[in-house]
Structures are given as C-alpha cells and as structure tokens.
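Peer 1: I am sharing structure.cif, which consists of mmCIF, C-alpha atoms and all ligand atoms:
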```cif
data_upload
loop_
_atom_site.group_PDB
_atom_site.id
_atom_site.type_symbol
_atom_site.label_atom_id
_atom_site.label_comp_id
_atom_site.auth_asym_id
_atom_site.auth_seq_id
_atom_site.Cartn_x
_atom_site.Cartn_y
_atom_site.Cartn_z
ATOM 1 C CA MET A 78 0.000 0.000 0.000
ATOM 2 C CA GLU A 79 1.307 3.465 -0.850
ATOM 3 C CA GLU A 80 2.450 5.758 1.936
ATOM 4 C CA GLN A 81 1.168 9.359 1.958
ATOM 5 C CA ILE A 82 2.989 11.701 4.338
ATOM 6 C CA TYR A 83 1.914 15.296 4.941
ATOM 7 C CA LYS A 84 4.324 17.750 6.580
ATOM 8 C CA ARG A 85 3.909 21.355 7.590
ATOM 9 C CA TYR A 86 6.730 23.910 7.932
ATOM 10 C CA ASP A 87 7.048 27.495 9.083
ATOM 11 C CA ALA A 88 8.783 29.700 6.507
ATOM 12 C CA GLY A 89 12.098 29.599 8.405
ATOM 13 C CA GLN A 90 12.201 25.794 8.225
ATOM 14 C CA VAL A 91 11.888 25.654 4.434
ATOM 15 C CA THR A 92 15.253 24.667 2.964
ATOM 16 C CA GLU A 93 16.684 25.512 -0.456
ATOM 17 C CA THR A 94 16.315 21.849 -1.452
ATOM 18 C CA MET A 95 12.630 21.883 -0.559
ATOM 19 C CA LEU A 96 12.153 25.049 -2.609
ATOM 20 C CA GLN A 97 14.025 23.563 -5.550
ATOM 21 C CA GLU A 98 11.686 20.543 -5.444
ATOM 22 C CA ALA A 99 8.684 22.882 -5.149
ATOM 23 C CA ALA A 100 9.895 24.803 -8.222
ATOM 24 C CA VAL A 101 10.150 21.581 -10.260
ATOM 25 C CA LEU A 102 6.652 20.516 -9.114
ATOM 26 C CA PHE A 103 5.245 23.921 -10.094
ATOM 27 C CA ASN A 104 7.059 24.127 -13.433
ATOM 28 C CA GLU A 105 5.969 20.661 -14.514
ATOM 29 C CA ASN A 106 2.397 20.744 -13.215
ATOM 30 C CA TYR A 107 0.931 24.214 -12.706
ATOM 31 C CA GLY A 108 -0.193 25.121 -16.206
ATOM 32 C CA VAL A 109 0.640 26.933 -19.455
ATOM 33 C CA TRP A 110 0.321 30.547 -20.565
ATOM 34 C CA GLY A 111 -2.883 31.430 -22.439
ATOM 35 C CA GLU A 112 -3.279 33.244 -25.778
ATOM 36 C CA GLN A 113 -3.833 36.668 -24.274
ATOM 37 C CA ALA A 114 -0.582 36.454 -22.385
ATOM 38 C CA ALA A 115 1.325 36.871 -25.644
ATOM 39 C CA SER A 116 2.281 40.536 -25.379
ATOM 40 C CA LYS A 117 3.376 40.483 -21.780
ATOM 41 C CA PHE A 118 4.595 36.997 -20.962
ATOM 42 C CA PRO A 119 6.377 34.069 -22.630
ATOM 43 C CA LYS A 120 4.843 32.246 -25.611
ATOM 44 C CA PRO A 121 1.248 31.000 -25.250
ATOM 45 C CA GLY A 122 1.383 27.290 -24.554
ATOM 46 C CA SER A 123 4.719 27.503 -22.747
ATOM 47 C CA ARG A 124 4.790 26.407 -19.124
ATOM 48 C CA VAL A 125 4.272 28.935 -16.344
ATOM 49 C CA ARG A 126 7.556 28.750 -14.471
ATOM 50 C CA LEU A 127 8.965 29.885 -11.144
ATOM 51 C CA GLY A 128 12.483 29.540 -9.786
ATOM 52 C CA LYS A 129 13.274 28.768 -6.158
ATOM 53 C CA ASP A 130 14.372 32.337 -5.449
ATOM 54 C CA ARG A 131 11.059 33.738 -6.672
ATOM 55 C CA LEU A 132 9.209 31.110 -4.684
ATOM 56 C CA ARG A 133 11.001 32.330 -1.569
ATOM 57 C CA SER A 134 10.487 36.054 -2.264
ATOM 58 C CA GLN A 135 6.847 35.803 -3.426
ATOM 59 C CA TYR A 136 5.459 32.997 -1.294
ATOM 60 C CA LEU A 137 7.611 33.202 1.841
ATOM 61 C CA PRO A 138 8.341 36.955 2.070
ATOM 62 C CA ASP A 139 10.203 38.236 5.136
ATOM 63 C CA ASN A 140 7.448 40.737 5.968
ATOM 64 C CA ALA A 141 4.770 38.068 6.441
ATOM 65 C CA THR A 142 3.999 34.944 8.455
ATOM 66 C CA CYS A 143 3.933 32.109 5.958
ATOM 67 C CA VAL A 144 3.483 28.375 6.054
ATOM 68 C CA TYR A 145 4.457 25.620 3.635
ATOM 69 C CA VAL A 146 2.872 22.163 3.493
ATOM 70 C CA ARG A 147 3.818 19.251 1.277
ATOM 71 C CA VAL A 148 2.722 15.704 0.686
ATOM 72 C CA THR A 149 4.934 12.869 -0.471
ATOM 73 C CA VAL A 150 3.634 9.599 -1.870
ATOM 74 C CA ASP A 151 6.106 6.761 -1.436
ATOM 75 C CA GLY A 152 8.818 9.361 -0.936
ATOM 76 C CA GLN A 153 7.985 11.424 -4.080
ATOM 77 C CA LEU A 154 6.813 15.025 -3.748
ATOM 78 C CA ALA A 155 3.199 14.793 -4.993
ATOM 79 C CA GLY A 156 1.805 18.197 -4.026
ATOM 80 C CA ASN A 157 2.323 21.302 -1.982
ATOM 81 C CA ALA A 158 0.703 24.504 -0.769
ATOM 82 C CA PHE A 159 1.905 27.870 0.458
ATOM 83 C CA ALA A 160 -0.155 30.128 2.715
ATOM 84 C CA CYS A 161 0.255 33.477 4.352
ATOM 85 C CA HIS A 162 -1.287 34.880 7.547
ATOM 86 C CA TRP A 163 -2.216 38.462 8.391
ATOM 87 C CA THR A 164 -4.665 40.261 10.634
ATOM 88 C CA VAL A 165 -7.554 42.576 9.862
ATOM 89 C CA LYS A 166 -9.471 44.144 12.731
ATOM 90 C CA ASP A 167 -8.119 41.509 15.150
ATOM 91 C CA LYS A 168 -9.194 38.672 12.870
ATOM 92 C CA THR A 169 -6.510 36.303 11.601
ATOM 93 C CA VAL A 170 -6.580 35.543 7.900
ATOM 94 C CA CYS A 171 -4.956 32.469 6.344
ATOM 95 C CA TRP A 172 -4.654 32.892 2.562
ATOM 96 C CA VAL A 173 -3.650 30.040 0.275
ATOM 97 C CA THR A 174 -1.141 31.574 -2.107
ATOM 98 C CA GLN A 175 -0.235 28.457 -4.100
ATOM 99 C CA LEU A 176 -1.652 24.955 -4.432
ATOM 100 C CA VAL A 177 -0.270 22.400 -6.885
ATOM 101 C CA VAL A 178 -0.692 18.655 -7.141
ATOM 102 C CA ASP A 179 1.363 16.542 -9.548
ATOM 103 C CA ARG A 180 -0.799 15.394 -12.517
ATOM 104 C CA ASN A 181 -0.062 11.770 -11.704
ATOM 105 C CA TYR A 182 -1.627 12.120 -8.261
ATOM 106 C CA ARG A 183 -4.731 14.234 -8.931
ATOM 107 C CA GLU A 184 -8.354 13.520 -8.056
ATOM 108 C CA ARG A 185 -7.525 11.437 -5.026
ATOM 109 C CA GLY A 186 -7.928 14.041 -2.309
ATOM 110 C CA LEU A 187 -4.378 15.373 -2.011
ATOM 111 C CA ALA A 188 -5.363 19.033 -2.507
ATOM 112 C CA LYS A 189 -7.963 18.708 0.215
ATOM 113 C CA GLY A 190 -5.413 16.931 2.418
ATOM 114 C CA LEU A 191 -2.870 19.732 1.904
ATOM 115 C CA LEU A 192 -5.426 22.404 2.790
ATOM 116 C CA ASN A 193 -6.424 20.446 5.874
ATOM 117 C CA GLN A 194 -2.822 20.796 7.031
ATOM 118 C CA LEU A 195 -3.157 24.581 6.786
ATOM 119 C CA LYS A 196 -6.089 24.636 9.185
ATOM 120 C CA GLN A 197 -5.152 25.846 12.617
ATOM 121 C CA ASN A 198 -6.690 27.173 15.785
ATOM 122 C CA GLY A 199 -6.877 30.913 15.931
ATOM 123 C CA VAL A 200 -7.520 31.417 12.208
ATOM 124 C CA ASP A 201 -10.815 33.239 11.626
ATOM 125 C CA ILE A 202 -10.895 33.567 7.844
ATOM 126 C CA TYR A 203 -9.529 31.430 4.999
ATOM 127 C CA GLY A 204 -9.088 32.761 1.486
ATOM 128 C CA LEU A 205 -8.036 31.596 -1.954
ATOM 129 C CA MET A 206 -7.891 32.956 -5.491
ATOM 130 C CA SER A 207 -7.808 30.238 -8.114
ATOM 131 C CA SER A 208 -8.910 29.587 -11.661
ATOM 132 C CA HIS A 209 -9.346 25.886 -10.899
ATOM 133 C CA PRO A 210 -12.760 24.851 -9.514
ATOM 134 C CA ALA A 211 -11.097 21.807 -7.895
ATOM 135 C CA ALA A 212 -8.991 24.144 -5.739
ATOM 136 C CA CYS A 213 -12.177 25.926 -4.604
ATOM 137 C CA LEU A 214 -13.965 22.628 -3.940
ATOM 138 C CA ALA A 215 -10.997 21.375 -1.937
ATOM 139 C CA ALA A 216 -10.859 24.630 0.072
ATOM 140 C CA ALA A 217 -14.598 24.614 0.747
ATOM 141 C CA LYS A 218 -14.355 21.078 2.075
ATOM 142 C CA ALA A 219 -11.179 21.601 4.089
ATOM 143 C CA PHE A 220 -12.080 24.962 5.620
ATOM 144 C CA GLY A 221 -15.877 24.920 5.468
ATOM 145 C CA GLY A 222 -16.110 22.977 8.707
ATOM 146 C CA LYS A 223 -19.343 21.397 9.760
ATOM 147 C CA THR A 224 -21.121 21.467 6.427
ATOM 148 C CA ILE A 225 -19.748 18.597 4.409
ATOM 149 C CA ASP A 226 -21.097 19.987 1.186
ATOM 150 C CA SER A 227 -19.920 23.485 1.904
ATOM 151 C CA ILE A 228 -19.582 24.793 -1.657
ATOM 152 C CA ARG A 229 -23.341 24.369 -2.149
ATOM 153 C CA THR A 230 -24.105 26.258 1.031
ATOM 154 C CA LEU A 231 -21.411 28.893 0.564
ATOM 155 C CA GLN A 232 -22.377 32.321 1.924
ATOM 156 C CA LEU A 233 -21.581 34.861 -0.793
ATOM 157 C CA GLY A 234 -22.775 37.871 1.205
ATOM 158 C CA PRO A 235 -19.730 38.068 3.485
ATOM 159 C CA ILE A 236 -17.401 37.783 0.467
ATOM 160 C CA GLY A 237 -19.086 40.794 -1.117
ATOM 161 C CA LYS A 238 -18.973 42.724 2.116
ATOM 162 C CA TYR A 239 -15.500 42.021 3.474
ATOM 163 C CA ALA A 240 -13.249 40.865 0.614
ATOM 164 C CA GLU A 241 -11.885 44.331 -0.081
ATOM 165 C CA GLU A 242 -10.959 45.030 3.528
ATOM 166 C CA ILE A 243 -9.343 41.619 3.944
ATOM 167 C CA MET A 244 -7.407 41.703 0.691
ATOM 168 C CA LYS A 245 -6.210 45.308 0.932
ATOM 169 C CA ALA A 246 -4.488 44.350 4.200
ATOM 170 C CA SER A 247 -2.546 41.520 2.561
ATOM 171 C CA PRO A 248 1.265 41.585 2.594
ATOM 172 C CA ILE A 249 1.156 39.620 -0.686
ATOM 173 C CA SER A 250 1.038 42.118 -3.511
ATOM 174 C CA TYR A 251 -0.943 40.081 -6.055
ATOM 175 C CA VAL A 252 -3.693 39.572 -3.454
ATOM 176 C CA LYS A 253 -3.664 43.230 -2.428
ATOM 177 C CA ASP A 254 -3.763 44.433 -6.042
ATOM 178 C CA ALA A 255 -6.377 41.997 -7.405
ATOM 179 C CA LYS A 256 -9.483 43.775 -8.730
ATOM 180 C CA LEU A 257 -12.751 42.462 -7.337
ATOM 181 C CA ARG A 258 -15.235 41.447 -10.028
ATOM 182 C CA GLY A 259 -18.695 39.905 -10.144
ATOM 183 C CA ASN A 260 -22.184 40.545 -8.913
ATOM 184 C CA VAL A 261 -21.366 39.940 -5.255
ATOM 185 C CA PHE A 262 -19.415 43.204 -5.519
ATOM 186 C CA ASP A 263 -21.550 44.995 -8.068
ATOM 187 C CA PRO A 264 -25.253 44.054 -8.264
ATOM 188 C CA ASP A 265 -25.390 45.603 -11.757
ATOM 189 C CA ASP A 266 -22.781 43.155 -13.043
ATOM 190 C CA THR A 267 -24.646 40.805 -15.406
ATOM 191 C CA SER A 268 -21.531 39.409 -17.088
ATOM 192 C CA GLY A 269 -21.859 35.983 -15.458
ATOM 193 C CA LEU A 270 -19.060 36.678 -12.991
ATOM 194 C CA VAL A 271 -20.148 36.172 -9.388
ATOM 195 C CA SER A 272 -17.154 36.057 -7.044
ATOM 196 C CA SER A 273 -14.033 36.707 -9.088
ATOM 197 C CA VAL A 274 -10.885 38.736 -9.251
ATOM 198 C CA ASP A 275 -9.233 40.254 -12.271
ATOM 199 C CA SER A 276 -5.658 39.315 -11.453
ATOM 200 C CA GLY A 277 -4.273 39.818 -14.955
ATOM 201 C CA PHE A 278 -2.866 36.291 -14.705
ATOM 202 C CA PHE A 279 -3.367 34.901 -18.195
ATOM 203 C CA VAL A 280 -2.794 31.251 -17.491
ATOM 204 C CA ASP A 281 -4.527 28.985 -20.003
ATOM 205 C CA HIS A 282 -8.050 28.120 -18.833
ATOM 206 C CA ILE A 283 -8.759 25.020 -20.937
ATOM 207 C CA GLU A 284 -8.305 22.640 -18.019
ATOM 208 C CA PRO A 285 -10.143 24.746 -15.378
ATOM 209 C CA LEU A 286 -13.027 25.350 -17.830
ATOM 210 C CA GLU A 287 -13.335 21.616 -18.495
ATOM 211 C CA ALA A 288 -13.419 21.047 -14.750
ATOM 212 C CA LEU A 289 -16.000 23.827 -14.369
ATOM 213 C CA ALA A 290 -18.277 22.276 -17.005
ATOM 214 C CA TRP A 291 -18.026 18.950 -15.239
ATOM 215 C CA VAL A 292 -18.678 20.436 -11.793
ATOM 216 C CA ARG A 293 -21.691 22.364 -13.136
ATOM 217 C CA GLU A 294 -23.264 19.109 -14.275
ATOM 218 C CA GLU A 295 -23.105 17.942 -10.687
ATOM 219 C CA ILE A 296 -23.871 21.032 -8.627
ATOM 220 C CA ASP A 297 -25.148 24.579 -8.775
ATOM 221 C CA TRP A 298 -21.697 26.204 -8.891
ATOM 222 C CA PRO A 299 -21.897 29.348 -6.753
ATOM 223 C CA LEU A 300 -18.849 31.332 -7.912
ATOM 224 C CA GLY A 301 -20.012 32.117 -11.451
ATOM 225 C CA ASP A 302 -18.158 32.099 -14.758
ATOM 226 C CA LEU A 303 -14.424 32.203 -15.345
ATOM 227 C CA PHE A 304 -12.989 34.853 -17.671
ATOM 228 C CA ASP A 305 -9.466 35.050 -19.086
ATOM 229 C CA GLY A 306 -7.108 36.835 -16.736
ATOM 230 C CA HIS A 307 -9.535 36.199 -13.873
ATOM 231 C CA GLU A 308 -9.715 33.768 -10.975
ATOM 232 C CA PHE A 309 -12.458 32.676 -8.632
ATOM 233 C CA LEU A 310 -12.412 34.243 -5.209
ATOM 234 C CA LEU A 311 -13.323 32.147 -2.187
ATOM 235 C CA ILE A 312 -13.410 33.475 1.364
ATOM 236 C CA LEU A 313 -14.678 31.330 4.233
ATOM 237 C CA GLU A 314 -15.131 31.981 7.900
ATOM 238 C CA ALA A 315 -13.588 29.332 10.124
ATOM 239 C CA ARG A 316 -16.148 27.285 11.966
ATOM 240 C CA ARG A 317 -15.514 26.383 15.542
ATOM 241 C CA ARG A 318 -17.394 23.257 16.429
ATOM 242 C CA SER A 319 -16.368 23.177 20.060
ATOM 243 C CA GLN A 320 -17.450 26.685 21.046
ATOM 244 C CA SER A 321 -20.789 27.371 22.598
ATOM 245 C CA ARG A 322 -22.738 30.328 21.275
ATOM 246 C CA SER A 323 -21.993 32.353 24.366
ATOM 247 C CA THR A 324 -18.186 32.008 24.096
ATOM 248 C CA SER A 325 -17.781 32.074 20.316
ATOM 249 C CA ARG A 326 -16.031 35.105 18.857
ATOM 250 C CA PRO A 327 -18.070 37.651 16.933
ATOM 251 C CA LYS A 328 -18.275 37.226 13.190
ATOM 252 C CA PHE A 329 -16.082 39.287 10.896
ATOM 253 C CA GLY A 330 -17.401 42.801 10.541
ATOM 254 C CA SER A 331 -19.614 42.631 13.608
HETATM 255 C C1 LIG B 401 -6.398 22.223 -8.475
HETATM 256 C C2 LIG B 401 -5.594 21.018 -8.000
HETATM 257 C C3 LIG B 401 -4.606 21.469 -6.922
HETATM 258 C C4 LIG B 401 -6.561 19.951 -7.424
HETATM 259 O O1 LIG B 401 -5.792 18.896 -6.880
HETATM 260 P P1 LIG B 401 -6.412 17.443 -6.572
HETATM 261 O O2 LIG B 401 -5.499 16.759 -5.618
HETATM 262 O O3 LIG B 401 -6.732 16.759 -7.841
HETATM 263 O O4 LIG B 401 -7.780 17.816 -5.828
HETATM 264 P P2 LIG B 401 -8.638 16.848 -4.887
HETATM 265 O O5 LIG B 401 -8.434 15.427 -5.326
HETATM 266 O O6 LIG B 401 -8.397 17.177 -3.464
HETATM 267 O O7 LIG B 401 -10.118 17.258 -5.303
HETATM 268 C C5 LIG B 401 -10.829 18.326 -4.729
HETATM 269 C C6 LIG B 401 -12.225 18.306 -5.324
HETATM 270 O O8 LIG B 401 -12.164 18.716 -6.695
HETATM 271 C C7 LIG B 401 -12.702 17.690 -7.553
HETATM 272 N N1 LIG B 401 -11.855 17.663 -8.743
HETATM 273 C C8 LIG B 401 -10.519 17.464 -8.781
HETATM 274 N N2 LIG B 401 -10.097 17.566 -10.052
HETATM 275 C C9 LIG B 401 -11.190 17.821 -10.798
HETATM 276 C C10 LIG B 401 -11.404 18.021 -12.190
HETATM 277 N N3 LIG B 401 -10.376 17.996 -13.053
HETATM 278 N N4 LIG B 401 -12.648 18.254 -12.620
HETATM 279 C C11 LIG B 401 -13.679 18.305 -11.752
HETATM 280 N N5 LIG B 401 -13.540 18.148 -10.410
HETATM 281 C C12 LIG B 401 -12.314 17.889 -9.970
HETATM 282 C C13 LIG B 401 -12.601 16.423 -6.739
HETATM 283 O O9 LIG B 401 -13.549 15.457 -7.158
HETATM 284 C C14 LIG B 401 -12.872 16.930 -5.340
HETATM 285 O O10 LIG B 401 -14.242 17.148 -5.153
HETATM 286 P P3 LIG B 401 -15.079 16.232 -4.144
HETATM 287 O O11 LIG B 401 -14.331 16.286 -2.843
HETATM 288 O O12 LIG B 401 -16.424 16.868 -4.122
HETATM 289 O O13 LIG B 401 -15.034 14.866 -4.742
HETATM 290 C C15 LIG B 401 -4.823 20.358 -9.198
HETATM 291 O O14 LIG B 401 -5.739 20.082 -10.228
HETATM 292 C C16 LIG B 401 -3.715 21.245 -9.720
HETATM 293 O O15 LIG B 401 -2.594 21.224 -9.191
HETATM 294 N N6 LIG B 401 -4.012 22.029 -10.784
HETATM 295 C C17 LIG B 401 -3.036 22.913 -11.394
HETATM 296 C C18 LIG B 401 -2.659 24.061 -10.522
HETATM 297 C C19 LIG B 401 -3.842 24.891 -10.091
HETATM 298 O O16 LIG B 401 -4.722 25.242 -10.867
HETATM 299 N N7 LIG B 401 -3.830 25.209 -8.784
HETATM 300 C C20 LIG B 401 -4.827 26.050 -8.158
HETATM 301 C C21 LIG B 401 -4.324 27.440 -8.083
HETATM 302 S S1 LIG B 401 -4.360 28.017 -6.419
#
```
I need this file expressed as structure tokens, please.
Peer 2:
Amino acid sequence: MEEQIYKRYDAGQVTETMLQEAAVLFNENYGVWGEQAASKFPKPGSRVRLGKDRLRSQYLPDNATCVYVRVTVDGQLAGNAFACHWTVKDKTVCWVTQLVVDRNYRERGLAKGLLNQLKQNGVDIYGLMSSHPAACLAAAKAFGGKTIDSIRTLQLGPIGKYAEEIMKASPISYVKDAKLRGNVFDPDDTSGLVSSVDSGFFVDHIEPLEALAWVREEIDWPLGDLFDGHEFLLILEARRRSQSRSTSRPKFGS
C-alpha cells in the first residue's frame, strides 16, 4: 500500500532543497500561458515557471507569516501549498497563495489533504484565489467545517462585504492588487461573474473550464463564470465546532 505523508513547515524551516523541489513541481504541473498572455509573458502554450528564489520572495516573504505544506507519496513530492497569515481588525486571515498537485496524483484528495494541514486554531478567515474549480472545492471542504457539502451552502454575502478590507491588508502584492469582479461586488454586473478577481494572470483556462463544465453538471456552482485573466475568489469563515454560542467570537465585521 502506498504511503502518503503530509508535513507542515514554518517559513524559516523551508530549505533551499525543498524550494528547488517545489519549483520543479510547479514548473511541470501548474499550467501553461494562455493566448492573451502573448504581449506580456512568454509564448502561449509555454509552461508557467517559477524559480526557487522567486518562490522564496513571493510565497515566503520576510514581511509576512507564511506556512508551507507538502505531501509525499512513497517518498515522491506529490503536491504542496503555500499560505500566508495576516490580521484585519483583530481577525486572523490564512490565505492560500499556491496549491499544486502533480498530474499523476490528482483527483484522489491530495489538494484537500494539503489544505487540511493549513487549518489551525486561531484562524478566523480562509481565502483563496484560483482559476481551478477543484482548488475551490478542496478549500470549501477543508475549511468549510461542519457542512460537508460546503460549496453548495457557501455564503456569498460576506465575500461581497468584506473581501476588499481583507485583501487590501494583505502583505502579498498580487492579493492586495487583485481587482474584485462579479455581482457579489456589483449588483449591476450581469456578465456571469459572481465572485471573481481580475488578477491579470493569463494562465490557459482550458483545463479549469473543463473542470468547471463537469462540476456544473453535478452542482449549482456558486462562484459564477471564469474569464481570461480572472480567478475565482473564495473566502470562508472558520467554523468552531467546540465553542458554545456564548463564548464564540463575533463574526467578521460585527
Ligand atoms: C487544483 C488542483 C490542486 C486539485 O488537486 P487534486 O489533488 O486533484 O484535488 P482533490 O483530489 O483534493 O479534489 C478536490 C475536489 O475537486 C474535484 N476535482 C478534482 N479535479 C477535478 C477536475 N479535473 N474536474 C472536476 N472536479 C475535480 C474532486 O472530485 C474533489 O471534489 P469532491 O471532494 O467533491 O469529490 C490540481 O488540479 C492542480 O494542481 N491544478 C493545477 C494548478 C492549479 O490550478 N492550482 C490552483 C491554483 S491556487
């Protein structure tokens, strides 16, 4: 039987070798540039790449509290995730900044397992920007707490209300600078976008759109359409099963 091992590291524990392996995983598995990327980025169809130094500076910056989790299957790196913590109005945010699973190990729960490792006491809000519906499904399951089917019961209202405040406080520039799009932010938006960001990240969407079509056959997908250069935006409040109503902390924004 194969052996899956998850490990979690604070930024200071992440070695150069681990980052080199993370760079290879990303470069071979993340995705390719889309057509519209042509003027600004490398050739459409070429792999989106990151070196270990950029991984360190963008995903484990000195000015932020960051965490790295990885899973090995029979000793091989099969997936990893980076996350960053910050506070807004005394609430602690945990934002997933990268999530990649090796193609050979997908659709067997590793993304959800990685995100489970990011869960910790004291976090009030979890967030993620991703073009891949599977990343959102995995996050909804890992962070959504009590409700097993949490993407179906996702509360969009709080995303519309608090996303800007949460994201503007981020030490990660692409989160801070992402433009909020969709009708949770603008009731007049009839484009089909619901909870999205325009991140200007023109990764090819063929694979995420195939996944979206498949997911939409199964469920009423709550985050809307996916446009080029855009990503879905998911923000979830941590649920605390063990707290009684009288001792639970007030909700964000209250
Ligand atoms: C997105 C990604 C991390 C998902 O990894 P994974 O290990 O396959 O995900 P999981 O097995 O944990 O699946 C999570 C959910 O998504 C569903 N799912 C996974 N891949 C899917 C696909 N291609 N189409 C439809 N649903 C899919 C799973 O069935 C599961 O849902 P369920 O729990 O309701 O059954 C992986 O596809 C990947 O690395 N993609 C490229 C990089 C990327 O887009 N990362 C996200 C940016 S943050």
Peer 1: Using only C-alpha atoms, which of the listed residues (A:Leu127, A:Leu311, A:Arg85, A:Val146) sits closest to Ile202 in chain A?
Peer 2: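 Looking only at the distances to Ile202 in chain A, the closest residue turns out to be A:Leu311.
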Peer 1: Can you list, as a PyMOL selection string, the residues that the PyMOL selection byres (((chain A and resi 174) around 9) and not hetatm) selects here?
Peer 2: chain A and resi 136+158-161+172-173+175-176+204-206+249+252
Peer 1: Adding 6 Å on each side of the box along x, y and z that holds all listed atoms of ligand LIG 401 (chain B), could you give its centre and edge lengths in Å to one decimal, as AutoDock Vina command-line options?
Peer 2:
```
--center_x -9.5 --center_y 21.4 --center_z -7.9 --size_x 25.8 --size_y 25.2 --size_z 22.2
```
Peer 1: Give me the chain A side of the contact with ligand LIG 401 (chain B), cut-off 7 Å, one line per residue showing its nearest atom pair and distance in Å at one decimal, counting all atoms listed in the file, sorted by chain and residue number, as a Markdown table.
Peer 2:
```
| residue | atom | partner | partner_atom | distance |
| --- | --- | --- | --- | --- |
| A:Asn106 | CA | B:LIG401 | C17 | 6.1 |
| A:Tyr107 | CA | B:LIG401 | C18 | 4.2 |
| A:Gly108 | CA | B:LIG401 | C17 | 6.0 |
| A:Thr174 | CA | B:LIG401 | S1 | 6.5 |
| A:Gln175 | CA | B:LIG401 | S1 | 4.8 |
| A:Leu176 | CA | B:LIG401 | S1 | 4.5 |
| A:Val177 | CA | B:LIG401 | O15 | 3.5 |
| A:Val178 | CA | B:LIG401 | O15 | 3.8 |
| A:Asp179 | CA | B:LIG401 | O15 | 6.1 |
| A:Arg180 | CA | B:LIG401 | O15 | 6.9 |
| A:Tyr182 | CA | B:LIG401 | O2 | 6.6 |
| A:Arg183 | CA | B:LIG401 | O3 | 3.4 |
| A:Glu184 | CA | B:LIG401 | O5 | 3.3 |
| A:Arg185 | CA | B:LIG401 | O5 | 4.1 |
| A:Gly186 | CA | B:LIG401 | O5 | 3.4 |
| A:Leu187 | CA | B:LIG401 | O2 | 4.0 |
| A:Ala188 | CA | B:LIG401 | O6 | 3.7 |
| A:Lys189 | CA | B:LIG401 | O6 | 4.0 |
| A:Gly190 | CA | B:LIG401 | O6 | 6.6 |
| A:Leu205 | CA | B:LIG401 | S1 | 6.8 |
| A:Met206 | CA | B:LIG401 | S1 | 6.1 |
| A:Ser207 | CA | B:LIG401 | S1 | 4.4 |
| A:Ser208 | CA | B:LIG401 | O16 | 6.1 |
| A:His209 | CA | B:LIG401 | O16 | 4.7 |
| A:Pro210 | CA | B:LIG401 | O8 | 6.8 |
| A:Ala211 | CA | B:LIG401 | O8 | 3.5 |
| A:Ala212 | CA | B:LIG401 | C1 | 4.2 |
| A:Leu214 | CA | B:LIG401 | C6 | 4.9 |
| A:Ala215 | CA | B:LIG401 | C5 | 4.1 |
| A:Lys218 | CA | B:LIG401 | O11 | 6.9 |
| A:Glu287 | CA | B:LIG401 | N4 | 6.8 |
| A:Ala288 | CA | B:LIG401 | N4 | 3.6 |
| A:Leu289 | CA | B:LIG401 | C11 | 6.5 |
| A:Trp291 | CA | B:LIG401 | C11 | 5.6 |
| A:Val292 | CA | B:LIG401 | C11 | 5.4 |
```
Peer 1: Between A:Leu96, A:Leu137, A:Met78, A:Leu310, which residue has the minimum interatomic distance to Val150 in chain A, considering only C-alpha atoms?
Peer 2: A:Met78
Peer 1: One decimal, in Å: what's the spacing between CA of Leu231 in chain A and CA of Pro299 in chain A?
Peer 2: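 Straight-line distance from CA of Leu231 in chain A to CA of Pro299 in chain A works out to 7.3 Å.
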Peer 1: Which residue, A:Arg147, A:His282, A:Arg316, A:Lys166, has the smallest gap to Gly221 in chain A when you use only C-alpha atoms?
Peer 2: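 Of all the options, A:Arg316 lies closest to Gly221 in chain A.
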Peer 1: CA of Arg131 in chain A to CA of Gln97 in chain A: how many Å, to one decimal?
Peer 2: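 Here the two named atoms are 10.7 Å from each other.
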